[in-house]
>>> print(open('work-v3.cif').read())   # mmCIF, C-alpha atoms
data_input
loop_
_atom_site.label_atom_id
_atom_site.label_comp_id
_atom_site.auth_asym_id
_atom_site.auth_seq_id
_atom_site.Cartn_x
_atom_site.Cartn_y
_atom_site.Cartn_z
CA MET A 1 8.75 9.20 0.48
CA ASP A 2 8.66 10.14 -3.17
CA THR A 3 8.59 13.92 -3.58
CA LYS A 4 10.54 14.12 -6.80
CA ASN A 5 7.47 14.84 -8.86
CA THR A 6 6.23 17.85 -6.94
CA SER A 7 8.36 20.19 -9.05
CA MET A 8 7.07 22.72 -11.53
CA PRO A 9 4.93 21.13 -14.27
CA PRO A 10 6.06 21.46 -17.89
CA LEU A 11 5.04 24.49 -19.94
CA ARG A 12 1.61 24.15 -21.44
CA GLY A 13 0.70 24.95 -25.03
CA LYS A 14 3.17 25.18 -27.89
CA ILE A 15 6.76 24.04 -27.50
CA ILE A 16 9.21 26.89 -27.02
CA PRO A 17 11.20 27.24 -30.26
CA THR A 18 14.96 26.68 -30.22
CA ASN A 19 15.73 28.42 -33.48
CA GLY A 20 16.89 31.65 -31.89
CA ASP A 21 13.49 33.39 -31.96
CA SER A 22 13.91 35.04 -28.57
CA SER A 23 10.79 37.18 -28.94
CA ALA A 24 8.57 34.09 -29.38
CA MET A 25 10.23 32.45 -26.39
CA ALA A 26 9.70 35.56 -24.28
CA ARG A 27 6.01 35.72 -25.23
CA GLN A 28 5.43 32.10 -24.25
CA ILE A 29 7.24 32.45 -20.93
CA ALA A 30 5.33 35.67 -20.18
CA ASP A 31 2.05 33.91 -20.99
CA PHE A 32 2.97 31.02 -18.69
CA LEU A 33 3.89 33.35 -15.84
CA GLU A 34 0.71 35.36 -16.27
CA ASN A 35 -1.52 32.29 -16.02
CA THR A 36 0.25 30.60 -13.09
CA ASP A 37 -0.14 31.45 -9.43
CA PHE A 38 3.31 30.51 -8.17
CA SER A 39 2.50 31.26 -4.54
CA GLN A 40 -0.48 28.89 -4.68
CA MET A 41 1.60 26.23 -6.42
CA GLN A 42 4.33 26.49 -3.79
CA GLU A 43 1.72 26.26 -1.04
CA SER A 44 0.31 23.07 -2.61
CA VAL A 45 3.77 21.54 -2.85
CA GLU A 46 4.45 22.23 0.82
CA LYS A 47 1.04 20.88 1.83
CA LEU A 48 1.65 17.69 -0.16
CA LYS A 49 5.04 17.21 1.49
CA SER A 50 3.47 17.68 4.91
CA LEU A 51 0.63 15.24 4.17
CA MET A 52 2.97 12.54 2.86
CA SER A 53 5.16 13.02 5.93
CA CYS A 54 2.13 12.37 8.13
CA TYR A 55 1.40 9.14 6.27
CA GLN A 56 5.04 8.12 6.69
CA CYS A 57 4.79 8.75 10.44
CA ALA A 58 1.61 6.65 10.63
CA LEU A 59 3.39 3.87 8.79
CA LEU A 60 6.21 3.96 11.34
CA GLU A 61 3.68 3.76 14.18
CA VAL A 62 2.00 0.64 12.79
CA GLU A 63 5.31 -1.00 11.86
CA THR A 64 6.58 -0.47 15.41
CA LYS A 65 3.44 -2.07 16.82
CA PHE A 66 4.01 -5.21 14.77
CA ARG A 67 7.69 -5.38 15.73
CA VAL A 68 6.76 -5.11 19.42
CA LEU A 69 4.17 -7.90 19.02
CA ASN A 70 6.75 -10.05 17.26
CA GLU A 71 9.29 -9.53 20.04
CA GLN A 72 6.75 -10.23 22.78
CA PHE A 73 5.54 -13.43 21.08
CA SER A 74 9.13 -14.58 20.65
CA LEU A 75 9.78 -14.26 24.39
CA ARG A 76 6.67 -16.24 25.29
CA HIS A 77 6.75 -18.95 22.63
CA GLU A 78 10.38 -19.04 21.48
CA ARG A 79 9.49 -18.39 17.87
CA ASN A 80 8.69 -15.34 15.75
CA PRO A 81 5.29 -15.18 14.05
CA ILE A 82 6.56 -12.54 11.60
CA ASP A 83 8.97 -13.54 8.87
CA SER A 84 9.38 -10.06 7.38
CA ILE A 85 7.75 -6.63 7.16
CA LYS A 86 7.56 -4.50 4.03
CA THR A 87 6.33 -0.92 3.81
CA ARG A 88 5.55 1.36 0.90
CA MET A 89 4.14 4.80 0.16
CA LYS A 90 2.05 5.57 -2.91
CA SER A 91 3.69 8.12 -5.19
CA PRO A 92 1.88 11.39 -5.97
CA GLU A 93 1.42 10.11 -9.56
CA SER A 94 -0.28 6.93 -8.33
CA ILE A 95 -2.53 8.95 -6.01
CA ARG A 96 -3.58 11.22 -8.85
CA GLU A 97 -4.23 8.26 -11.17
CA LYS A 98 -6.44 6.63 -8.55
CA LEU A 99 -8.46 9.81 -8.05
CA VAL A 100 -8.97 10.03 -11.81
CA ARG A 101 -10.04 6.34 -12.03
CA LYS A 102 -12.55 6.90 -9.25
CA ASN A 103 -13.77 10.12 -10.90
CA LEU A 104 -12.96 12.16 -7.80
CA PRO A 105 -11.83 15.79 -7.53
CA ILE A 106 -8.05 16.27 -7.58
CA ASN A 107 -7.68 17.89 -4.17
CA PHE A 108 -6.36 17.16 -0.70
CA HIS A 109 -9.81 16.46 0.75
CA SER A 110 -10.29 13.63 -1.75
CA VAL A 111 -6.86 12.25 -0.96
CA GLU A 112 -7.47 12.08 2.79
CA SER A 113 -11.11 10.98 2.74
CA GLU A 114 -11.31 8.67 -0.28
CA ILE A 115 -7.93 6.91 -0.58
CA SER A 116 -7.06 4.46 2.18
CA ASP A 117 -3.90 2.81 0.83
CA ILE A 118 -1.46 5.70 0.53
CA ALA A 119 0.55 4.22 3.41
CA GLY A 120 0.80 0.44 3.20
CA ILE A 121 2.45 -2.24 5.32
CA ARG A 122 2.73 -5.94 4.44
CA VAL A 123 3.38 -8.42 7.22
CA ILE A 124 4.63 -11.82 6.07
CA CYS A 125 3.94 -14.69 8.49
CA ALA A 126 5.01 -18.32 8.57
CA PHE A 127 1.56 -19.72 9.33
CA VAL A 128 -2.06 -18.80 8.69
CA ASP A 129 -3.09 -18.75 12.35
CA ASP A 130 -0.30 -16.24 13.05
CA ILE A 131 -2.04 -13.87 10.64
CA TYR A 132 -5.28 -13.84 12.61
CA MET A 133 -3.46 -13.73 15.96
CA LEU A 134 -1.47 -10.65 14.92
CA ALA A 135 -4.53 -8.95 13.44
CA ASP A 136 -6.48 -9.49 16.64
CA CYS A 137 -3.60 -8.19 18.77
CA LEU A 138 -3.30 -5.07 16.63
CA LEU A 139 -7.03 -4.31 16.67
CA GLN A 140 -7.24 -4.77 20.46
CA GLN A 141 -4.93 -1.80 20.99
CA ASP A 142 -6.95 1.18 22.15
CA ASP A 143 -5.37 3.67 19.76
CA ILE A 144 -6.16 1.60 16.66
CA THR A 145 -9.51 2.00 14.89
CA LEU A 146 -10.60 -0.52 12.28
CA ILE A 147 -11.98 1.18 9.18
CA GLU A 148 -12.28 -1.79 6.83
CA ARG A 149 -11.57 -5.52 6.83
CA GLN A 150 -11.39 -7.83 3.81
CA ASP A 151 -10.55 -11.48 4.40
CA TYR A 152 -9.26 -12.91 1.13
CA ILE A 153 -7.98 -15.98 2.98
CA ALA A 154 -11.43 -17.17 3.99
CA HIS A 155 -12.86 -15.83 0.73
CA PRO A 156 -10.12 -15.82 -1.97
CA LYS A 157 -10.43 -13.68 -5.06
CA GLU A 158 -11.38 -15.41 -8.31
CA SER A 159 -7.72 -15.32 -9.34
CA GLY A 160 -6.76 -17.30 -6.25
CA TYR A 161 -5.31 -14.30 -4.41
CA ARG A 162 -5.22 -14.75 -0.64
CA SER A 163 -4.41 -12.20 2.05
CA LEU A 164 -6.01 -10.47 5.02
CA HIS A 165 -6.48 -6.77 4.38
CA LEU A 166 -7.14 -4.21 7.11
CA VAL A 167 -7.51 -0.46 6.86
CA VAL A 168 -6.80 1.06 10.25
CA GLU A 169 -6.65 4.57 11.61
CA VAL A 170 -3.82 5.47 13.96
CA PRO A 171 -3.02 8.75 15.75
CA ILE A 172 0.27 10.49 15.19
CA PHE A 173 1.53 13.19 17.52
CA LEU A 174 3.12 16.15 15.80
CA GLN A 175 4.80 19.19 17.27
CA ASP A 176 1.57 21.06 17.91
CA GLU A 177 -1.29 18.69 17.02
CA LYS A 178 -2.57 15.14 16.88
CA LYS A 179 -3.72 13.73 13.55
CA PHE A 180 -5.50 10.49 12.69
CA MET A 181 -4.09 8.79 9.60
CA LYS A 182 -5.15 5.71 7.63
CA VAL A 183 -2.81 2.81 6.96
CA GLU A 184 -3.53 -0.27 4.86
CA VAL A 185 -2.28 -3.50 6.44
CA GLN A 186 -1.84 -6.72 4.46
CA LEU A 187 -1.08 -9.94 6.29
CA ARG A 188 -0.18 -13.08 4.37
CA THR A 189 1.94 -16.22 4.64
CA ILE A 190 5.26 -16.78 2.90
CA ALA A 191 3.47 -19.03 0.40
CA MET A 192 0.81 -16.38 -0.30
CA GLU A 193 3.51 -13.77 -0.82
CA PHE A 194 5.46 -16.02 -3.18
CA TRP A 195 2.34 -16.69 -5.27
CA ALA A 196 1.23 -13.05 -5.32
CA ASN A 197 4.64 -11.81 -6.49
CA LEU A 198 4.82 -14.32 -9.35
CA GLU A 199 1.17 -13.77 -10.28
CA HIS A 200 1.78 -10.05 -10.59
CA LYS A 201 4.81 -10.57 -12.85
CA LEU A 202 3.10 -13.13 -15.08
CA ARG A 203 -0.41 -11.70 -15.32
CA TYR A 204 0.74 -8.26 -16.39
CA LYS A 205 2.89 -9.35 -19.29
CA LYS A 206 1.67 -7.24 -22.18
CA ASN A 207 0.32 -8.26 -25.57
CA LEU A 208 -0.48 -11.85 -24.64
CA PRO A 209 -2.91 -13.62 -26.99
CA GLU A 210 -6.34 -14.08 -25.39
CA ASN A 211 -6.14 -17.89 -25.40
CA LEU A 212 -2.73 -17.80 -23.71
CA ALA A 213 -3.92 -15.27 -21.12
CA THR A 214 -6.88 -17.53 -20.28
CA LEU A 215 -4.58 -20.53 -19.92
CA ILE A 216 -2.20 -18.62 -17.64
CA ALA A 217 -5.09 -17.42 -15.46
CA ALA A 218 -6.27 -21.01 -15.00
CA GLU A 219 -2.76 -22.20 -14.17
CA LEU A 220 -2.28 -19.41 -11.64
CA THR A 221 -5.57 -20.27 -9.93
CA GLU A 222 -4.46 -23.90 -9.66
CA CYS A 223 -1.11 -22.80 -8.24
CA ALA A 224 -2.95 -20.69 -5.65
CA GLU A 225 -4.89 -23.77 -4.51
CA MET A 226 -1.67 -25.76 -4.22
CA SER A 227 -0.12 -22.93 -2.23
CA ALA A 228 -3.10 -22.89 0.15
CA GLN A 229 -2.83 -26.64 0.65
CA LEU A 230 0.86 -26.22 1.46
CA ASP A 231 -0.02 -23.65 4.15
CA VAL A 232 -2.48 -26.11 5.71
CA LYS A 233 0.02 -28.97 5.71
CA MET A 234 2.87 -26.88 7.12
CA GLN A 235 0.64 -25.66 9.94
CA LYS A 236 -0.32 -29.25 10.78
CA VAL A 237 3.36 -30.18 10.97
CA ARG A 238 4.04 -27.24 13.26
CA ASP A 239 1.10 -28.17 15.51
CA VAL A 240 2.40 -31.73 15.83
CA ILE A 241 5.85 -30.44 16.80
CA GLU A 242 4.54 -27.92 19.33
CA ASN A 243 1.97 -30.27 20.89
CA GLY A 244 4.33 -33.21 21.07
#
>>> encode(input="work-v3.cif", output="structure tokens")
Amino acid sequence: MDTKNTSMPPLRGKIIPTNGDSSAMARQIADFLENTDFSQMQESVEKLKSLMSCYQCALLEVETKFRVLNEQFSLRHERNPIDSIKTRMKSPESIREKLVRKNLPINFHSVESEISDIAGIRVICAFVDDIYMLADCLLQQDDITLIERQDYIAHPKESGYRSLHLVVEVPIFLQDEKKFMKVEVQLRTIAMEFWANLEHKLRYKKNLPENLATLIAAELTECAEMSAQLDVKMQKVRDVIENG
């Protein structure tokens, strides 16, 4: 969890002089102190830490569920459907930027009610059908509530991006209360992950000429199609092996 940026913000207004004018420095510090409610600021910092801790706990809950499913499937079928699991937490700066982009108030209510991807988990699978199997198993659990589902495998984005996105709500049990927290789940194959990582690195190169950017976008879309075809072929090979 990134809490490094919850410290005191920089002084507003003019820069404090460093030429030995102590009276000017004193006036600016006094003005800053007079216009800042430090008790309220400290309370906000503590509330932010607590909220981010709750998201981290929710992330652990969902990650554990996937690891249990992976272990159970391995015992029954002698193979693991999950290749790897990655988790991440949005930083306070990213949360604030998203609220600004969405023209929402900068407060805790907006954070909890309007942003669903603060806690994120990415599950990388070997095969496409493992993605849907794991998603179904997760959603069948009685403490998981589906908030949103976006199937970019059945309906890829224009760029060629493929992945199954779920926003789920999971309870966490704290010392004296139970809270329901949202977690974004992304499920994709190894090939989808490989493409998405390279696409992100290439597409966001800055200062590319427009004609070159258009060419790269077309090439990336073609690569996404090739990647999808690879997923289909690899699954057929696996089916042949498993079915004899």
>>> residues_around(input="work-v3.cif", residues="Gln186 in chain A", least_positions_apart="2", cutoff="8 Å", atoms="only C-alpha atoms", output="PyMOL selection string")
chain A and resi 120-123+163-166+184+188
>>> atom_distance(input="work-v3.cif", atom1="CA of Val167 in chain A", atom2="CA of Glu225 in chain A")
26.1 Å
>>> residues_around(input="work-v3.cif", residues="Lys179 in chain A", least_positions_apart="5", cutoff="9 Å", atoms="only C-alpha atoms", output="PDB file with C-alpha atoms, in the frame of the given file")
ATOM      1  CA  CYS A  54       2.130  12.370   8.130  1.00  0.00           C
ATOM      2  CA  VAL A 170      -3.820   5.470  13.960  1.00  0.00           C
ATOM      3  CA  PRO A 171      -3.020   8.750  15.750  1.00  0.00           C
ATOM      4  CA  ILE A 172       0.270  10.490  15.190  1.00  0.00           C
ATOM      5  CA  PHE A 173       1.530  13.190  17.520  1.00  0.00           C
ATOM      6  CA  LEU A 174       3.120  16.150  15.800  1.00  0.00           C
TER       7      LEU A 174
END
>>> closest_residue(input="work-v3.cif", among="A:Ile190, A:Ala228, A:Ala213, A:Ala119", to="Glu63 in chain A", atoms="all atoms listed in the file")
A:Ala119
>>> closest_residue(input="work-v3.cif", among="A:Met181, A:Leu215, A:Leu208, A:Leu99", to="Ser53 in chain A", atoms="all atoms listed in the file")
A:Met181
>>> closest_residue(input="work-v3.cif", among="A:Trp195, A:Phe73, A:Phe127, A:Phe180", to="Val168 in chain A", atoms="all atoms listed in the file")
A:Phe180
>>> residues_around(input="work-v3.cif", residues="Arg203 in chain A", least_positions_apart="6", cutoff="9 Å", atoms="all atoms listed in the file", output="JSON, numbers by chain")
{"A": [213, 216, 217, 220]}
>>> residues_around(input="work-v3.cif", residues="Asp129 in chain A", least_positions_apart="2", cutoff="12 Å", atoms="all atoms listed in the file", output="ChimeraX atom specification")
/A:81-82,125-127,131-136,153-154,164,187-189,231-232,234-236,238-239
>>> resolve_selection(input="work-v3.cif", expression="the PyMOL selection byres ((chain A and resi 56) around 10)", output="PyMOL selection string")
chain A and resi 1+50-55+57-61+87-89+118-120+181+183
>>> resolve_selection(input="work-v3.cif", expression="the PyMOL selection byres ((chain A and resi 70) around 10)", output="list in words")
Thr64, Lys65, Phe66, Arg67, Val68, Leu69, Glu71, Gln72, Phe73, Ser74, Leu75, Arg79, Asn80, Pro81, Ile82, Asp83 and Leu134 of chain A
>>> atom_distance(input="work-v3.cif", atom1="CA of Ser44 in chain A", atom2="CA of Ile115 in chain A")
18.3 Å
>>> atom_distance(input="work-v3.cif", atom1="CA of Ile144 in chain A", atom2="CA of Gln175 in chain A")
20.7 Å
>>> closest_residue(input="work-v3.cif", among="A:Lys157, A:Asn211, A:Thr221, A:Ile124", to="Ala191 in chain A", atoms="only C-alpha atoms")
A:Ile124
>>> residues_around(input="work-v3.cif", residues="Ala196 in chain A", least_positions_apart="4", cutoff="8 Å", atoms="all atoms listed in the file", output="tab-separated table (two decimals) with C-alpha atoms, in the frame of the given file")
chain	number	residue	atom	x	y	z
A	161	TYR	CA	-5.31	-14.30	-4.41
A	192	MET	CA	0.81	-16.38	-0.30
A	200	HIS	CA	1.78	-10.05	-10.59
>>> build_atoms(input="work-v3.cif", residues="range 114-128 of chain A", atoms="N, CA and C atoms", output="PDB file, in the frame of the given file")
ATOM      1  N   GLU A 114     -10.888   9.701   0.667  1.00  0.00           N
ATOM      2  CA  GLU A 114     -11.310   8.670  -0.280  1.00  0.00           C
ATOM      3  C   GLU A 114     -10.251   7.615  -0.577  1.00  0.00           C
ATOM      4  N   ILE A 115      -8.982   7.880  -0.270  1.00  0.00           N
ATOM      5  CA  ILE A 115      -7.930   6.910  -0.580  1.00  0.00           C
ATOM      6  C   ILE A 115      -7.359   6.375   0.734  1.00  0.00           C
ATOM      7  N   SER A 116      -7.435   5.067   0.901  1.00  0.00           N
ATOM      8  CA  SER A 116      -7.060   4.460   2.180  1.00  0.00           C
ATOM      9  C   SER A 116      -5.749   3.683   2.125  1.00  0.00           C
ATOM     10  N   ASP A 117      -5.117   3.631   0.959  1.00  0.00           N
ATOM     11  CA  ASP A 117      -3.900   2.810   0.830  1.00  0.00           C
ATOM     12  C   ASP A 117      -2.673   3.619   0.446  1.00  0.00           C
ATOM     13  N   ILE A 118      -2.638   4.885   0.824  1.00  0.00           N
ATOM     14  CA  ILE A 118      -1.460   5.700   0.530  1.00  0.00           C
ATOM     15  C   ILE A 118      -0.255   5.150   1.306  1.00  0.00           C
ATOM     16  N   ALA A 119      -0.476   4.862   2.589  1.00  0.00           N
ATOM     17  CA  ALA A 119       0.550   4.220   3.410  1.00  0.00           C
ATOM     18  C   ALA A 119       0.182   2.749   3.539  1.00  0.00           C
ATOM     19  N   GLY A 120       1.104   1.869   3.174  1.00  0.00           N
ATOM     20  CA  GLY A 120       0.800   0.440   3.200  1.00  0.00           C
ATOM     21  C   GLY A 120       1.900  -0.351   3.885  1.00  0.00           C
ATOM     22  N   ILE A 121       1.492  -1.346   4.666  1.00  0.00           N
ATOM     23  CA  ILE A 121       2.450  -2.240   5.320  1.00  0.00           C
ATOM     24  C   ILE A 121       2.023  -3.678   5.063  1.00  0.00           C
ATOM     25  N   ARG A 122       2.989  -4.520   4.709  1.00  0.00           N
ATOM     26  CA  ARG A 122       2.730  -5.940   4.440  1.00  0.00           C
ATOM     27  C   ARG A 122       3.512  -6.764   5.454  1.00  0.00           C
ATOM     28  N   VAL A 123       2.783  -7.573   6.194  1.00  0.00           N
ATOM     29  CA  VAL A 123       3.380  -8.420   7.220  1.00  0.00           C
ATOM     30  C   VAL A 123       3.348  -9.864   6.735  1.00  0.00           C
ATOM     31  N   ILE A 124       4.517 -10.458   6.581  1.00  0.00           N
ATOM     32  CA  ILE A 124       4.630 -11.820   6.070  1.00  0.00           C
ATOM     33  C   ILE A 124       4.821 -12.769   7.243  1.00  0.00           C
ATOM     34  N   CYS A 125       3.917 -13.740   7.365  1.00  0.00           N
ATOM     35  CA  CYS A 125       3.940 -14.690   8.490  1.00  0.00           C
ATOM     36  C   CYS A 125       4.282 -16.087   7.984  1.00  0.00           C
ATOM     37  N   ALA A 126       4.695 -16.933   8.923  1.00  0.00           N
ATOM     38  CA  ALA A 126       5.010 -18.320   8.570  1.00  0.00           C
ATOM     39  C   ALA A 126       3.733 -19.144   8.420  1.00  0.00           C
ATOM     40  N   PHE A 127       2.739 -18.872   9.282  1.00  0.00           N
ATOM     41  CA  PHE A 127       1.560 -19.720   9.330  1.00  0.00           C
ATOM     42  C   PHE A 127       0.277 -18.890   9.320  1.00  0.00           C
ATOM     43  N   VAL A 128      -0.796 -19.511   8.838  1.00  0.00           N
ATOM     44  CA  VAL A 128      -2.060 -18.800   8.690  1.00  0.00           C
ATOM     45  C   VAL A 128      -2.599 -18.327  10.039  1.00  0.00           C
TER      46      VAL A 128
END
